[in-house]
Amino acid sequence: MALCKCSKLSTADGLVLGAVQIMIGIFHVLMWYFLLILYMGQIRGFFGTYEPVTYKAGCSLWGVIFIIAGVSIIRVARRPTPGVITFALIMNISCIITSVIASVLTTVELSTFNSVSYRNYGQAKLGREVSRILLLSYPLEISVALTHAIFSCMALTHHHEASLTAVPEELESTF
């Protein structure tokens with residue numbers, strides 16, 4: 001079965017996808033640190049403090065998974081072996097799952113808003129704006145991870161087909 005030219009990701013494309021994924025991951029980790037500082041500075045008031053579910057779950061800290069996946073994509077772009085391709089595929093699938101879960105949690109957070117004390121209102125409003133920005137970056141992460149996952153599946157299929165066709169040729173040369 002002949003594969004078309006579009007079934008292989010070039011080295012430059014792989015490096016760009018990996019770099020984008022690493023930048024998204026670093027952005028998410030830095031936003032988690034910003035939210036940590038923001039929410040730790042709240043004053044306990046009559047209505048309580050604002051601690052959204054995404055902050056408690058550490059959704060932005062899940063950016064470490066994006067960073068690891070980006071590094072694995074760069075490694076695949078430089079030296080594509082079946083083991084490295086499989087690891088990158090697993091990491092990209094975990095990135096997709098993580099992004100979907102984080103998107104759902106962020107949507108739930110933004111759709112519900114309990115009143116907070118007057119002193120903490122500004123911090124809660126700023127935290128919600130950060131959550132909106134992070135919500136916009138999840139589809140980008142899903143698209144990058146899905147793109148590389150599709151091409152990883154194609155590459156693994158190509159390696160598998162190449163190994164199946166190589167065995168009969170070796171057997172023919174020995175007879």
# chains A, B, ... in the order shown; residues from 1 in each chain; ligands from 1
$ residues_around --residues "region 91-104 of chain A" --least-positions-apart "3" --cutoff "9 Å" --atoms "only C-alpha atoms" --output "PDB file with all heavy atoms, in the first residue's frame"
ATOM      1  N   THR A  54     -10.744  24.830  39.322  1.00  0.00           N
ATOM      2  CA  THR A  54      -9.561  24.688  38.471  1.00  0.00           C
ATOM      3  C   THR A  54      -8.283  25.005  39.245  1.00  0.00           C
ATOM      4  O   THR A  54      -7.246  24.408  38.999  1.00  0.00           O
ATOM      5  CB  THR A  54      -9.648  25.607  37.243  1.00  0.00           C
ATOM      6  OG1 THR A  54      -9.879  26.942  37.674  1.00  0.00           O
ATOM      7  CG2 THR A  54     -10.755  25.163  36.321  1.00  0.00           C
ATOM      8  N   CYS A  59      -5.310  22.750  37.401  1.00  0.00           N
ATOM      9  CA  CYS A  59      -5.431  22.566  35.943  1.00  0.00           C
ATOM     10  C   CYS A  59      -4.292  23.235  35.179  1.00  0.00           C
ATOM     11  O   CYS A  59      -3.786  22.682  34.209  1.00  0.00           O
ATOM     12  CB  CYS A  59      -6.766  23.118  35.451  1.00  0.00           C
ATOM     13  SG  CYS A  59      -8.154  22.069  35.836  1.00  0.00           S
ATOM     14  N   SER A  60      -3.901  24.399  35.624  1.00  0.00           N
ATOM     15  CA  SER A  60      -2.815  25.086  34.914  1.00  0.00           C
ATOM     16  C   SER A  60      -1.484  24.397  35.141  1.00  0.00           C
ATOM     17  O   SER A  60      -0.599  24.454  34.301  1.00  0.00           O
ATOM     18  CB  SER A  60      -2.733  26.536  35.367  1.00  0.00           C
ATOM     19  OG  SER A  60      -3.919  27.205  35.046  1.00  0.00           O
ATOM     20  N   TRP A  62      -1.123  21.337  35.105  1.00  0.00           N
ATOM     21  CA  TRP A  62      -1.089  20.206  34.186  1.00  0.00           C
ATOM     22  C   TRP A  62      -0.310  20.559  32.927  1.00  0.00           C
ATOM     23  O   TRP A  62      -0.086  19.697  32.076  1.00  0.00           O
ATOM     24  CB  TRP A  62      -2.496  19.762  33.832  1.00  0.00           C
ATOM     25  CG  TRP A  62      -3.293  19.243  34.978  1.00  0.00           C
ATOM     26  CD1 TRP A  62      -2.834  18.918  36.226  1.00  0.00           C
ATOM     27  CD2 TRP A  62      -4.688  18.985  35.002  1.00  0.00           C
ATOM     28  NE1 TRP A  62      -3.861  18.487  37.015  1.00  0.00           N
ATOM     29  CE2 TRP A  62      -5.022  18.513  36.295  1.00  0.00           C
ATOM     30  CE3 TRP A  62      -5.703  19.114  34.070  1.00  0.00           C
ATOM     31  CZ2 TRP A  62      -6.302  18.170  36.649  1.00  0.00           C
ATOM     32  CZ3 TRP A  62      -6.986  18.762  34.433  1.00  0.00           C
ATOM     33  CH2 TRP A  62      -7.274  18.290  35.704  1.00  0.00           C
ATOM     34  N   GLY A  63       0.113  21.802  32.793  1.00  0.00           N
ATOM     35  CA  GLY A  63       0.941  22.218  31.666  1.00  0.00           C
ATOM     36  C   GLY A  63       2.253  21.458  31.602  1.00  0.00           C
ATOM     37  O   GLY A  63       2.900  21.418  30.556  1.00  0.00           O
ATOM     38  N   ILE A  65       2.497  18.335  31.621  1.00  0.00           N
ATOM     39  CA  ILE A  65       2.233  17.256  30.656  1.00  0.00           C
ATOM     40  C   ILE A  65       2.437  17.779  29.235  1.00  0.00           C
ATOM     41  O   ILE A  65       2.999  17.085  28.386  1.00  0.00           O
ATOM     42  CB  ILE A  65       0.808  16.703  30.844  1.00  0.00           C
ATOM     43  CG1 ILE A  65       0.674  16.052  32.218  1.00  0.00           C
ATOM     44  CG2 ILE A  65       0.447  15.709  29.746  1.00  0.00           C
ATOM     45  CD1 ILE A  65      -0.730  15.654  32.587  1.00  0.00           C
ATOM     46  N   PHE A  66       2.017  19.034  28.987  1.00  0.00           N
ATOM     47  CA  PHE A  66       2.201  19.625  27.665  1.00  0.00           C
ATOM     48  C   PHE A  66       3.687  19.796  27.356  1.00  0.00           C
ATOM     49  O   PHE A  66       4.115  19.600  26.218  1.00  0.00           O
ATOM     50  CB  PHE A  66       1.500  20.972  27.565  1.00  0.00           C
ATOM     51  CG  PHE A  66       0.028  20.946  27.896  1.00  0.00           C
ATOM     52  CD1 PHE A  66      -0.607  22.084  28.349  1.00  0.00           C
ATOM     53  CD2 PHE A  66      -0.734  19.802  27.765  1.00  0.00           C
ATOM     54  CE1 PHE A  66      -1.954  22.094  28.650  1.00  0.00           C
ATOM     55  CE2 PHE A  66      -2.083  19.782  28.064  1.00  0.00           C
ATOM     56  CZ  PHE A  66      -2.698  20.927  28.507  1.00  0.00           C
ATOM     57  N   ILE A  68       6.224  17.981  28.565  1.00  0.00           N
ATOM     58  CA  ILE A  68       6.808  16.658  28.307  1.00  0.00           C
ATOM     59  C   ILE A  68       6.426  16.168  26.910  1.00  0.00           C
ATOM     60  O   ILE A  68       7.256  15.615  26.180  1.00  0.00           O
ATOM     61  CB  ILE A  68       6.373  15.658  29.391  1.00  0.00           C
ATOM     62  CG1 ILE A  68       6.965  16.064  30.742  1.00  0.00           C
ATOM     63  CG2 ILE A  68       6.796  14.239  29.035  1.00  0.00           C
ATOM     64  CD1 ILE A  68       6.405  15.288  31.913  1.00  0.00           C
ATOM     65  N   ALA A  69       5.176  16.398  26.517  1.00  0.00           N
ATOM     66  CA  ALA A  69       4.738  15.990  25.175  1.00  0.00           C
ATOM     67  C   ALA A  69       5.487  16.778  24.101  1.00  0.00           C
ATOM     68  O   ALA A  69       5.860  16.227  23.063  1.00  0.00           O
ATOM     69  CB  ALA A  69       3.237  16.181  25.029  1.00  0.00           C
ATOM     70  N   GLY A  70       5.710  18.069  24.325  1.00  0.00           N
ATOM     71  CA  GLY A  70       6.456  18.874  23.361  1.00  0.00           C
ATOM     72  C   GLY A  70       7.886  18.403  23.206  1.00  0.00           C
ATOM     73  O   GLY A  70       8.415  18.344  22.087  1.00  0.00           O
ATOM     74  N   SER A  72       8.887  15.357  23.717  1.00  0.00           N
ATOM     75  CA  SER A  72       8.846  14.078  22.999  1.00  0.00           C
ATOM     76  C   SER A  72       8.610  14.287  21.505  1.00  0.00           C
ATOM     77  O   SER A  72       9.156  13.542  20.685  1.00  0.00           O
ATOM     78  CB  SER A  72       7.778  13.158  23.590  1.00  0.00           C
ATOM     79  OG  SER A  72       6.494  13.663  23.357  1.00  0.00           O
ATOM     80  N   ILE A  73       7.839  15.300  21.132  1.00  0.00           N
ATOM     81  CA  ILE A  73       7.638  15.599  19.707  1.00  0.00           C
ATOM     82  C   ILE A  73       8.951  16.038  19.070  1.00  0.00           C
ATOM     83  O   ILE A  73       9.294  15.619  17.959  1.00  0.00           O
ATOM     84  CB  ILE A  73       6.553  16.677  19.521  1.00  0.00           C
ATOM     85  CG1 ILE A  73       5.177  16.114  19.841  1.00  0.00           C
ATOM     86  CG2 ILE A  73       6.565  17.224  18.099  1.00  0.00           C
ATOM     87  CD1 ILE A  73       4.077  17.151  19.821  1.00  0.00           C
ATOM     88  N   THR A  86       5.914   5.974  19.733  1.00  0.00           N
ATOM     89  CA  THR A  86       4.850   5.462  20.597  1.00  0.00           C
ATOM     90  C   THR A  86       4.731   6.301  21.865  1.00  0.00           C
ATOM     91  O   THR A  86       3.616   6.626  22.302  1.00  0.00           O
ATOM     92  CB  THR A  86       5.124   3.989  20.961  1.00  0.00           C
ATOM     93  OG1 THR A  86       5.254   3.239  19.762  1.00  0.00           O
ATOM     94  CG2 THR A  86       4.007   3.418  21.811  1.00  0.00           C
ATOM     95  N   PHE A  87       5.854   6.669  22.464  1.00  0.00           N
ATOM     96  CA  PHE A  87       5.818   7.508  23.660  1.00  0.00           C
ATOM     97  C   PHE A  87       5.197   8.865  23.353  1.00  0.00           C
ATOM     98  O   PHE A  87       4.381   9.376  24.127  1.00  0.00           O
ATOM     99  CB  PHE A  87       7.224   7.684  24.239  1.00  0.00           C
ATOM    100  CG  PHE A  87       7.259   8.563  25.451  1.00  0.00           C
ATOM    101  CD1 PHE A  87       6.778   8.106  26.666  1.00  0.00           C
ATOM    102  CD2 PHE A  87       7.764   9.856  25.386  1.00  0.00           C
ATOM    103  CE1 PHE A  87       6.794   8.903  27.792  1.00  0.00           C
ATOM    104  CE2 PHE A  87       7.788  10.666  26.495  1.00  0.00           C
ATOM    105  CZ  PHE A  87       7.304  10.190  27.710  1.00  0.00           C
ATOM    106  N   ALA A  88       5.570   9.456  22.221  1.00  0.00           N
ATOM    107  CA  ALA A  88       4.994  10.751  21.841  1.00  0.00           C
ATOM    108  C   ALA A  88       3.495  10.625  21.586  1.00  0.00           C
ATOM    109  O   ALA A  88       2.726  11.522  21.957  1.00  0.00           O
ATOM    110  CB  ALA A  88       5.696  11.291  20.595  1.00  0.00           C
ATOM    111  N   THR A 107     -14.995  25.640  32.188  1.00  0.00           N
ATOM    112  CA  THR A 107     -16.345  26.061  31.812  1.00  0.00           C
ATOM    113  C   THR A 107     -17.281  26.016  33.008  1.00  0.00           C
ATOM    114  O   THR A 107     -18.094  26.931  33.205  1.00  0.00           O
ATOM    115  CB  THR A 107     -16.882  25.163  30.678  1.00  0.00           C
ATOM    116  OG1 THR A 107     -15.963  25.222  29.583  1.00  0.00           O
ATOM    117  CG2 THR A 107     -18.247  25.617  30.218  1.00  0.00           C
ATOM    118  N   VAL A 108     -17.167  24.981  33.826  1.00  0.00           N
ATOM    119  CA  VAL A 108     -17.982  24.894  35.044  1.00  0.00           C
ATOM    120  C   VAL A 108     -17.647  26.044  35.990  1.00  0.00           C
ATOM    121  O   VAL A 108     -18.532  26.667  36.577  1.00  0.00           O
ATOM    122  CB  VAL A 108     -17.784  23.523  35.733  1.00  0.00           C
ATOM    123  CG1 VAL A 108     -18.359  23.510  37.133  1.00  0.00           C
ATOM    124  CG2 VAL A 108     -18.385  22.420  34.894  1.00  0.00           C
ATOM    125  N   GLU A 109     -16.361  26.332  36.107  1.00  0.00           N
ATOM    126  CA  GLU A 109     -15.936  27.449  36.975  1.00  0.00           C
ATOM    127  C   GLU A 109     -16.505  28.775  36.502  1.00  0.00           C
ATOM    128  O   GLU A 109     -16.989  29.579  37.303  1.00  0.00           O
ATOM    129  CB  GLU A 109     -14.414  27.531  37.010  1.00  0.00           C
ATOM    130  CG  GLU A 109     -13.896  28.759  37.723  1.00  0.00           C
ATOM    131  CD  GLU A 109     -12.436  29.019  37.461  1.00  0.00           C
ATOM    132  OE1 GLU A 109     -11.691  28.069  37.168  1.00  0.00           O
ATOM    133  OE2 GLU A 109     -12.036  30.191  37.537  1.00  0.00           O
ATOM    134  N   LEU A 134      -7.018  30.995  29.672  1.00  0.00           N
ATOM    135  CA  LEU A 134      -6.599  29.602  29.623  1.00  0.00           C
ATOM    136  C   LEU A 134      -7.601  28.756  28.838  1.00  0.00           C
ATOM    137  O   LEU A 134      -7.221  27.816  28.146  1.00  0.00           O
ATOM    138  CB  LEU A 134      -6.423  29.045  31.037  1.00  0.00           C
ATOM    139  CG  LEU A 134      -5.224  29.588  31.811  1.00  0.00           C
ATOM    140  CD1 LEU A 134      -5.230  29.058  33.235  1.00  0.00           C
ATOM    141  CD2 LEU A 134      -3.924  29.258  31.121  1.00  0.00           C
ATOM    142  N   LEU A 135      -8.887  29.096  28.949  1.00  0.00           N
ATOM    143  CA  LEU A 135      -9.912  28.366  28.208  1.00  0.00           C
ATOM    144  C   LEU A 135      -9.718  28.527  26.703  1.00  0.00           C
ATOM    145  O   LEU A 135     -10.002  27.614  25.934  1.00  0.00           O
ATOM    146  CB  LEU A 135     -11.311  28.838  28.622  1.00  0.00           C
ATOM    147  CG  LEU A 135     -12.493  28.092  28.022  1.00  0.00           C
ATOM    148  CD1 LEU A 135     -12.467  26.629  28.449  1.00  0.00           C
ATOM    149  CD2 LEU A 135     -13.794  28.735  28.438  1.00  0.00           C
ATOM    150  N   LEU A 136      -9.198  29.658  26.269  1.00  0.00           N
ATOM    151  CA  LEU A 136      -8.927  29.870  24.851  1.00  0.00           C
ATOM    152  C   LEU A 136      -7.711  29.082  24.371  1.00  0.00           C
ATOM    153  O   LEU A 136      -7.592  28.771  23.187  1.00  0.00           O
ATOM    154  CB  LEU A 136      -8.721  31.356  24.570  1.00  0.00           C
ATOM    155  CG  LEU A 136      -9.943  32.252  24.746  1.00  0.00           C
ATOM    156  CD1 LEU A 136      -9.563  33.712  24.547  1.00  0.00           C
ATOM    157  CD2 LEU A 136     -11.040  31.850  23.776  1.00  0.00           C
ATOM    158  N   TYR A 138      -6.819  26.004  25.434  1.00  0.00           N
ATOM    159  CA  TYR A 138      -7.034  24.554  25.394  1.00  0.00           C
ATOM    160  C   TYR A 138      -7.339  24.033  23.990  1.00  0.00           C
ATOM    161  O   TYR A 138      -6.810  22.980  23.610  1.00  0.00           O
ATOM    162  CB  TYR A 138      -8.123  24.137  26.386  1.00  0.00           C
ATOM    163  CG  TYR A 138      -7.693  24.293  27.831  1.00  0.00           C
ATOM    164  CD1 TYR A 138      -8.458  25.010  28.726  1.00  0.00           C
ATOM    165  CD2 TYR A 138      -6.524  23.713  28.304  1.00  0.00           C
ATOM    166  CE1 TYR A 138      -8.069  25.164  30.044  1.00  0.00           C
ATOM    167  CE2 TYR A 138      -6.127  23.861  29.618  1.00  0.00           C
ATOM    168  CZ  TYR A 138      -6.904  24.583  30.480  1.00  0.00           C
ATOM    169  OH  TYR A 138      -6.507  24.732  31.786  1.00  0.00           O
ATOM    170  N   PRO A 139      -8.173  24.706  23.185  1.00  0.00           N
ATOM    171  CA  PRO A 139      -8.372  24.198  21.812  1.00  0.00           C
ATOM    172  C   PRO A 139      -7.085  24.190  20.980  1.00  0.00           C
ATOM    173  O   PRO A 139      -6.892  23.290  20.158  1.00  0.00           O
ATOM    174  CB  PRO A 139      -9.396  25.164  21.212  1.00  0.00           C
ATOM    175  CG  PRO A 139     -10.125  25.721  22.373  1.00  0.00           C
ATOM    176  CD  PRO A 139      -9.111  25.790  23.478  1.00  0.00           C
ATOM    177  N   GLU A 141      -4.087  23.635  22.195  1.00  0.00           N
ATOM    178  CA  GLU A 141      -3.351  22.458  22.666  1.00  0.00           C
ATOM    179  C   GLU A 141      -3.950  21.177  22.100  1.00  0.00           C
ATOM    180  O   GLU A 141      -3.225  20.275  21.681  1.00  0.00           O
ATOM    181  CB  GLU A 141      -3.361  22.412  24.192  1.00  0.00           C
ATOM    182  CG  GLU A 141      -2.728  21.181  24.773  1.00  0.00           C
ATOM    183  CD  GLU A 141      -1.293  20.991  24.379  1.00  0.00           C
ATOM    184  OE1 GLU A 141      -0.567  21.992  24.247  1.00  0.00           O
ATOM    185  OE2 GLU A 141      -0.896  19.833  24.190  1.00  0.00           O
ATOM    186  N   ILE A 142      -5.270  21.105  22.072  1.00  0.00           N
ATOM    187  CA  ILE A 142      -5.929  19.913  21.515  1.00  0.00           C
ATOM    188  C   ILE A 142      -5.577  19.757  20.037  1.00  0.00           C
ATOM    189  O   ILE A 142      -5.281  18.650  19.571  1.00  0.00           O
ATOM    190  CB  ILE A 142      -7.455  19.992  21.726  1.00  0.00           C
ATOM    191  CG1 ILE A 142      -7.789  19.838  23.211  1.00  0.00           C
ATOM    192  CG2 ILE A 142      -8.182  18.937  20.901  1.00  0.00           C
ATOM    193  CD1 ILE A 142      -9.235  20.127  23.561  1.00  0.00           C
ATOM    194  N   SER A 143      -5.587  20.850  19.289  1.00  0.00           N
ATOM    195  CA  SER A 143      -5.295  20.749  17.853  1.00  0.00           C
ATOM    196  C   SER A 143      -3.845  20.349  17.596  1.00  0.00           C
ATOM    197  O   SER A 143      -3.579  19.534  16.703  1.00  0.00           O
ATOM    198  CB  SER A 143      -5.637  22.058  17.147  1.00  0.00           C
ATOM    199  OG  SER A 143      -4.827  23.107  17.619  1.00  0.00           O
ATOM    200  N   VAL A 144      -2.902  20.881  18.365  1.00  0.00           N
ATOM    201  CA  VAL A 144      -1.497  20.507  18.186  1.00  0.00           C
ATOM    202  C   VAL A 144      -1.293  19.034  18.539  1.00  0.00           C
ATOM    203  O   VAL A 144      -0.658  18.283  17.788  1.00  0.00           O
ATOM    204  CB  VAL A 144      -0.577  21.416  19.045  1.00  0.00           C
ATOM    205  CG1 VAL A 144       0.835  20.872  19.095  1.00  0.00           C
ATOM    206  CG2 VAL A 144      -0.573  22.833  18.512  1.00  0.00           C
ATOM    207  N   ALA A 145      -1.843  18.620  19.664  1.00  0.00           N
ATOM    208  CA  ALA A 145      -1.678  17.224  20.095  1.00  0.00           C
ATOM    209  C   ALA A 145      -2.371  16.259  19.137  1.00  0.00           C
ATOM    210  O   ALA A 145      -1.825  15.199  18.820  1.00  0.00           O
ATOM    211  CB  ALA A 145      -2.205  17.054  21.511  1.00  0.00           C
ATOM    212  N   LEU A 146      -3.554  16.628  18.664  1.00  0.00           N
ATOM    213  CA  LEU A 146      -4.276  15.762  17.742  1.00  0.00           C
ATOM    214  C   LEU A 146      -3.552  15.644  16.407  1.00  0.00           C
ATOM    215  O   LEU A 146      -3.464  14.553  15.828  1.00  0.00           O
ATOM    216  CB  LEU A 146      -5.698  16.285  17.541  1.00  0.00           C
ATOM    217  CG  LEU A 146      -6.614  15.416  16.690  1.00  0.00           C
ATOM    218  CD1 LEU A 146      -6.849  14.074  17.358  1.00  0.00           C
ATOM    219  CD2 LEU A 146      -7.938  16.126  16.451  1.00  0.00           C
ATOM    220  N   HIS A 148      -0.303  15.910  15.836  1.00  0.00           N
ATOM    221  CA  HIS A 148       0.863  15.034  15.955  1.00  0.00           C
ATOM    222  C   HIS A 148       0.455  13.597  16.240  1.00  0.00           C
ATOM    223  O   HIS A 148       1.133  12.661  15.792  1.00  0.00           O
ATOM    224  CB  HIS A 148       1.833  15.532  17.015  1.00  0.00           C
ATOM    225  CG  HIS A 148       3.180  14.906  16.867  1.00  0.00           C
ATOM    226  ND1 HIS A 148       3.520  13.740  17.499  1.00  0.00           N
ATOM    227  CD2 HIS A 148       4.249  15.248  16.101  1.00  0.00           C
ATOM    228  CE1 HIS A 148       4.751  13.405  17.160  1.00  0.00           C
ATOM    229  NE2 HIS A 148       5.206  14.300  16.308  1.00  0.00           N
ATOM    230  N   ALA A 149      -0.625  13.389  16.957  1.00  0.00           N
ATOM    231  CA  ALA A 149      -1.089  12.019  17.220  1.00  0.00           C
ATOM    232  C   ALA A 149      -1.491  11.322  15.926  1.00  0.00           C
ATOM    233  O   ALA A 149      -1.185  10.138  15.730  1.00  0.00           O
ATOM    234  CB  ALA A 149      -2.255  12.038  18.209  1.00  0.00           C
TER     235      ALA A 149
END
$ atom_distance --atom1 "CA of Cys153 (chain A)" --atom2 "CA of Ile26 (chain A)"
26.4 Å
$ select_by_dssp --residues "chain A" --states "helix (DSSP H, G or I)" --output "MDAnalysis selection string"
chainID A and resid 5:7 11:40 53:57 59:78 82:111 118:174
$ closest_residue --among "A:Leu140, A:Leu36, A:Ile67, A:Ala124" --to "Ala19 (chain A)" --atoms "only C-alpha atoms"
A:Ile67
$ closest_residue --among "A:Val29, A:Met40, A:Leu15, A:Leu89" --to "Leu156 (chain A)" --atoms "only C-alpha atoms"
A:Leu89
$ atom_distance --atom1 "CA of Tyr39 (chain A)" --atom2 "CA of Ile22 (chain A)"
25.6 Å
